[in-house]
Structure formats: structure tokens, C-alpha cells
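K.L.:
Okay, handing you the structure first.
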Amino acid sequence: MVVRFVRDETAEAAAEDASTLNELPAPPRQLLDRHGARVLDPATAVVAAGQPAPRTTVYRPGVFLAPQRYLRDQQTLGAINGVLARIGLYAEPAGDRDTKETARARQLDELPVRALLRVREDADPVVVDCWKALQLLRSAASGERPELDPDLVARISPEHLLFTTPVFGGVPWETSGLGGTPWETSGFGAGSSYGRTRGANRIPVTLAAAPPYRSERPEQRRPVIAVLDTGIGPHPWFGLPDRSGPPPAGSGLAVAPDIQAAILQAELASGTTLPTQLLDDHWDAPTTGQPLIGDVDTDTGHGLFIAGIVRQACPEADTLAIRVVHSDGVAYEADVLLALHLLADRVRAAQADNRPEDMVDIVSLSLGYYEENPADVAYTGQFGAAIAELLGLGVLVVAAAGNDATTRRFYPAAFADQPLGGGSGPQVISVGALNPDVTASKALFSNEGPWVRAWATGAGVVSTYPTDVRGTAAADHEVPGFGRNSFDPDDYSAGFAVWDGTSFAAPLAAAELAKALLQSGDLATVDRETVVKRAWTALGSL
């Protein structure tokens, strides 16, 4: 497998083509309904005076995100609701926000949390839509004598749906499953060389190889790669025969029960009124979102597949698996932001208290979304702040560039070309996908642009897959009495699969960085200054 890091001065990439920025496939209605989401249509979206026309994005209309301190302050919340009353709505924090203020609460003051939108009792029937509500708030924060603090309103945003980069159940370039996108009509649709079977581009395979060797007593602390994805499943490489317990110590795979519990609690707080699928724990389950049909969900096994890539490319590294993505490939923005903030808390505490065993060195993100505002960075402050917090601690952040064959900026990968704060570690490392050919050509489905800063093999990748996953698809030919069958495309009992996507290029680049960290100094020293310096040294060596 190949990894190439691009230097700024030699970057060569396609420029953003404004004529195709909205030509992205829409997710199926069934997926939107499952998660209480909507596609923002630029042709019909209301826009406040002075605001640019939006681009296509996917968001949850019944909720918006705002820093926790605003929603805990009754005066600020009252001012917001005074404006929202004009369209018959009011906002309230998801869950109980009237608890005593604690040091922990103050520490997470800037954490974006959900505010649920509700219809006022004295209002006529209205459509609950956070986009319309946000345009009203932005109008109230404009002009010579604004009703609301412009800085406050700038911190309020929709809750986007994030998607893993093989999205919506098709092969990476056929995300709608309906055809008609530019690259499908150009002859690269379901009959393309990436297509394999049953609409999903993964298939089960066998691998006649032993698990990559890991030393039992490493000479120094192992680098830790946090993977925010679909969680894990059973596999012998990680000492997991079933789903009865967490990964054993020394297996190279670990989970974070405290972060997982916080994500579940946040979902429970909003799930009473907002359509919300719950992430109960770290297990990648259920394997199907349609039990009456039984097809394996589009992204089942995605997280374990990534853990296997890390194990192959840097066996001495440990993977910390945090489940933020549902098995249909959807993540809620608030869940991802919460996980990022809690990871930053963990790193900060490890650095302050000299606890190298709690350190996280790299975060690998194979998910993202397309921002609705043409100014892009101006309205990605919530996500940008969470990423910047990790970068400021010296944590390397690697993000997949996306699979829509577009130059449109895909976040968080597109933060790669944004200015850094002083004393920070390297900026986000965005990763596009390469084919597994001798020239390592760019994969047809990969996004690209000036913001893509690395390329790694992301097509025809073989890695670990949960051994207990079986779908309803069966061998289409059987010879009774002879034990002969044709290939079963839904039986993963052999424990491996082949898959395509920038989702798998990103962890390969993360593993390469982990190897560089092992060569860059003693990982047992975890004060912030040393960690920042080590991150720059590791990246500079590649």
C-alpha cells in the first residue's frame, strides 16, 4: 500500500468548480426519516437579507446547535425565544440543563449542544425548521441596532448529518443508488470496475496470513490512534471471539466507556421528541437497519475494517474505537463534537498529570459533511473549534476527503488549508484515495482540491470484518448432496472483506504517522510542548 504526503509548495490539485458544487446525490428518503433529517434545497431555502444563497447539505430540522453556556443562561435563551416567537417556535435545551454549575460544566461551556425546537402553545400550526429559525435569528442580529448579539448568533448552527465516505448504500461514486450523477452518466456507474455485488462495494474474502506481529513488551509506549466510526465487532486478530466483553488488554484494540456513555446520554436527552437512533455502546450493531429484509447495513463493519488497516500498517500502534456512526453510515454532528471535546479533555488531563497511558496521539476521521454556506469556514466554527482544540494539544488529526468525485470542500478534511494558531501541532491532514495499481493513480471516486494534503491506497483494500455478520443474500446456486455452492456475498465468517473508499485511505495515512511517531522520540513524555514538537517531527519525516 502507498501513502504520499503533499507539501504545500508542490500541491497540484483540481480547483473548485462552482458550476457543479450542488451536484451531489441526495440520500434516500428512508434514511432521512430514520434520523429526522432533511436536505437543504438551495432552490427553495429561505435566506436572510445579506446572507448568501446556501448550498446543498443534510441537517436535522427539529434542532440547532449552540454552545452550552448560552443555553444555560436564561436571559440569553429568553432573548433567542423572543425572536423565535414570531414564527410560533421556542427553543429549549435537550435534557436537564438546570443542574448546579460545576467545574466540569464550566469546562464544557463552549461545547455545542442540542436545542430542541418546539411549537408554542399559542401559535398556529407551523413547520418546524431550524434553517428558517436560524435565518430569523441572523436577521435579528444584523443592522445598526441588532436585537441579538451577532457573536451569539454566529455560534448557532444546524445539526448536520455526517456520513462515512462510502455513503448511502452504493459503491463510492454511486451514492444515490438511482443513477444520473455526472460520473454515472459518463459511463462510470454500477458497471464500473469498482462495482462488485448487491449494490455495496465490499465483499467477503479470505486471507491466508497470520495476524501482523506485535511485540508483547514494547520498548516504549505505543502510539494511540482514536478512530471515531461505527465501533467494533468480533475478530480473532483482536481477541474477540464474540460480543460478550470488551477487547482484552494487549489486543491492540480498546474502547472508551466514559465517552460512549456520554454520547448515549446526549442522544437520550433529545430522542424523546426528535427522531434519534441510539448508539447503545461500542458494538457495531444492529447489522441491518431493515430486519424484515435482513440485508447487511451499508457501513456495518466499517470501524473494525479501519482497525484492521491500522493493525496491518502499524502493528505496534493501538486503536481506540469510539462509536459515533450508525451502521447505515450516518453520524449526528453533536455526537461527533462531543466525542472530540471529550478526547481533548482526556489528552489535556494526560498531559497535565503526566499520565502517558491515557494519551491519544492521532485521531482518524472517515466521515464528514458538505457545508451549506459558500463562505464555508465562516460557518464551520463549531467543528473547527473542536478540531483546533486537539491540534493545539499536539494531536494529529487525519480525515478522509470524501468519495463524491467533486472538488467541493468536505469537512472536517477541508480544514487542512486553514491557518494554524501559534504553538499548535500540524493542521488537519486530509487524505484522498489511490488505486492499487503500479502507478498508484488517483481513484476515480475520490474528492480532490487544493485542500487535499495526502493520498493513500483506498481502493481494493483488504482488512478485518466482523466474523458474525450474515445477511439474507445467499449463494445463487447449490448442488444438493454434493456440498457445492456458488459464492455467498453476505457471509463474512472468514473475517475479511475487500472495500473501497477514502474512508480507508485516511487510517492508512494515520498508521504511517504512527510509525513516524515511534521513530521521533520517547513517547512516554507527554507534556504539551513535547507532544507538539513530536507531531511536527513525525509529519516532517514523511
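Chain labels A, B, ... are given in the sequence in which chains occur in the C-alpha cells; within each chain residues are numbered consecutively from 1, and ligands are likewise numbered from 1 in the order shown.
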Taking the backbone alone, and naming residues the way the document does, which bits of region 410-453 of chain A are strand (DSSP E) by DSSP, as a list in words?

P.N.:
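Matching residues for strand (DSSP E) in region 410-453 of chain A are Phe410, Tyr411, Ile429, Ser430, Val431, Gly432, Ala433 and Leu434 of chain A.
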
K.L.:
Quick one, how far is CA of Ala140 (chain A) from CA of Ala385 (chain A)?

P.N.:
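Answer for the CA of Ala140 (chain A) to CA of Ala385 (chain A) separation: 24.6 Å.
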
K.L.:
Which neighbours of Pro234 (chain A) fall inside 9 Å, counting only C-alpha atoms, when residues of the same chain fewer than 4 positions from it are skipped, and could you give them as a list in words?

P.N.:
Phe238, Gly239, Leu240, Pro241, Asp242, Arg243, Pro247, Leu304, Tyr465, Pro466, Thr467, Asp468 and Gly495 of chain A

K.L.:
Store the residues picked out above, limited to N, CA, C and O atoms, as a compact mmCIF listing (two decimals), in the first residue's frame.

P.N.:
```
# COMPACT_ATOMS: atom_id res chain seq x y z
N PHE A 238 -8.12 -9.49 17.23
CA PHE A 238 -8.22 -8.62 18.41
C PHE A 238 -8.70 -9.37 19.65
O PHE A 238 -9.15 -8.76 20.62
N GLY A 239 -8.61 -10.69 19.61
CA GLY A 239 -9.00 -11.48 20.77
C GLY A 239 -10.46 -11.38 21.12
O GLY A 239 -10.83 -11.48 22.30
N LEU A 240 -11.32 -11.18 20.13
CA LEU A 240 -12.75 -11.03 20.35
C LEU A 240 -13.51 -12.16 19.67
O LEU A 240 -13.88 -12.07 18.50
N PRO A 241 -13.76 -13.26 20.39
CA PRO A 241 -14.50 -14.37 19.77
C PRO A 241 -15.98 -14.07 19.59
O PRO A 241 -16.65 -14.68 18.75
N ASP A 242 -16.52 -13.14 20.39
CA ASP A 242 -17.94 -12.80 20.32
C ASP A 242 -18.12 -11.40 20.90
O ASP A 242 -17.16 -10.67 21.10
N ARG A 243 -19.37 -11.06 21.21
CA ARG A 243 -19.69 -9.72 21.70
C ARG A 243 -19.96 -9.71 23.21
O ARG A 243 -20.69 -8.85 23.70
N PRO A 247 -12.56 -5.63 24.27
CA PRO A 247 -11.30 -6.21 23.79
C PRO A 247 -10.34 -6.43 24.95
O PRO A 247 -10.24 -5.59 25.85
N LEU A 304 -14.36 -1.73 12.33
CA LEU A 304 -13.43 -2.84 12.50
C LEU A 304 -12.50 -2.98 11.30
O LEU A 304 -11.33 -3.33 11.43
N TYR A 465 -13.07 -7.90 9.19
CA TYR A 465 -14.52 -7.69 9.16
C TYR A 465 -15.15 -8.58 10.22
O TYR A 465 -14.68 -9.69 10.46
N PRO A 466 -16.21 -8.11 10.90
CA PRO A 466 -16.82 -8.92 11.98
C PRO A 466 -17.20 -10.32 11.50
O PRO A 466 -17.90 -10.48 10.49
N THR A 467 -16.75 -11.32 12.24
CA THR A 467 -16.95 -12.71 11.82
C THR A 467 -18.38 -13.20 11.99
O THR A 467 -18.73 -14.25 11.45
N ASP A 468 -19.21 -12.45 12.74
CA ASP A 468 -20.57 -12.93 12.99
C ASP A 468 -21.61 -12.30 12.08
O ASP A 468 -22.81 -12.47 12.29
N GLY A 495 -13.97 -13.57 8.13
CA GLY A 495 -13.39 -12.48 8.90
C GLY A 495 -12.68 -11.40 8.11
O GLY A 495 -12.03 -10.54 8.72
```

K.L.:
Let me make sure I understand: among A:Pro450, A:Gly245, A:Pro27, A:Gly95, which one has the smallest atom-to-atom distance to Leu268 (chain A) if we use only C-alpha atoms?

P.N.:
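Result for the nearest residue to Leu268 (chain A): A:Gly95.
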
K.L.:
Which one is closest to Leu117 (chain A): A:Ala344, A:Leu134, A:Ala254, A:Leu434? Count only C-alpha atoms.

P.N.:
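Under the stated criterion, the closest residue is A:Leu134.
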
K.L.:
Name the residues in contact with region 32-37 of chain A at a cut-off of 8 Å, using only C-alpha atoms, excluding same-chain residues fewer than 6 positions from it; report them as a VMD selection string.

P.N.:
chain A and resid 58 to 62 161 274 to 277

K.L.:
One decimal, in Å: what's the spacing between CA of Phe383 (chain A) and CA of Ala511 (chain A)?

P.N.:
23.7 Å

K.L.:
Have a look at A:Asn485, A:Thr272, A:Gln135, A:Thr502 and name the one nearest to Asn435 (chain A); count only C-alpha atoms.

P.N.:
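Using only C-alpha atoms, the shortest distance to Asn435 (chain A) belongs to A:Thr502.
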
K.L.:
Find the distance between CA of Trp536 (chain A) and CA of Pro426 (chain A) and write it in Å to one decimal.

P.N.:
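CA of Pro426 (chain A) lies at a distance of 6.1 Å from CA of Trp536 (chain A).
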
K.L.:
Pro204 (chain A): which residues within 9 Å, counting only C-alpha atoms, same-chain residues fewer than 2 positions away excluded, as a VMD selection string?

P.N.:
chain A and resid 202 206 465 488 to 498

K.L.:
Could those selected residues go to a file with C-alpha atoms, as a PDB file, in the first residue's frame?

P.N.:
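That gives us selection29.pdb:
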```
ATOM      1  CA  ARG A 202     -17.495  -4.649  -0.130  1.00  0.00           C
ATOM      2  CA  THR A 206     -10.326 -14.967   2.878  1.00  0.00           C
ATOM      3  CA  TYR A 465     -14.518  -7.689   9.156  1.00  0.00           C
ATOM      4  CA  ASP A 488     -22.297 -16.205  -0.871  1.00  0.00           C
ATOM      5  CA  PRO A 489     -21.910 -12.396  -0.956  1.00  0.00           C
ATOM      6  CA  ASP A 490     -23.278 -11.871   2.574  1.00  0.00           C
ATOM      7  CA  ASP A 491     -21.318 -14.426   4.620  1.00  0.00           C
ATOM      8  CA  TYR A 492     -18.362 -12.795   6.401  1.00  0.00           C
ATOM      9  CA  SER A 493     -17.481 -15.705   8.691  1.00  0.00           C
ATOM     10  CA  ALA A 494     -13.976 -15.836   7.205  1.00  0.00           C
ATOM     11  CA  GLY A 495     -13.393 -12.478   8.901  1.00  0.00           C
ATOM     12  CA  PHE A 496     -12.144 -10.371   5.993  1.00  0.00           C
ATOM     13  CA  ALA A 497     -13.528  -8.179   3.229  1.00  0.00           C
ATOM     14  CA  VAL A 498     -12.326  -6.047   0.344  1.00  0.00           C
TER      15      VAL A 498
END
```

K.L.:
Identify which of the residues A:Trp237, A:Phe482, A:Phe504, A:Phe5 lies closest to Val452 (chain A), counting only C-alpha atoms when measuring atom-to-atom distances.

P.N.:
A:Phe5

K.L.:
Identify, on the basis of only C-alpha atoms, every residue whose closest approach to region 356-363 of chain A does not exceed 7 Å; exclude the query and any residue fewer than 4 positions from it along the same chain; express the result as an MDAnalysis selection string.

P.N.:
chainID A and resid 223:227 346:347 350 395:398 510 524 526

K.L.:
Give me the residues within 8 Å of Arg120 (chain A) as a count of residues only, counting only C-alpha atoms and dropping any in the same chain fewer than 5 places off.

P.N.:
4
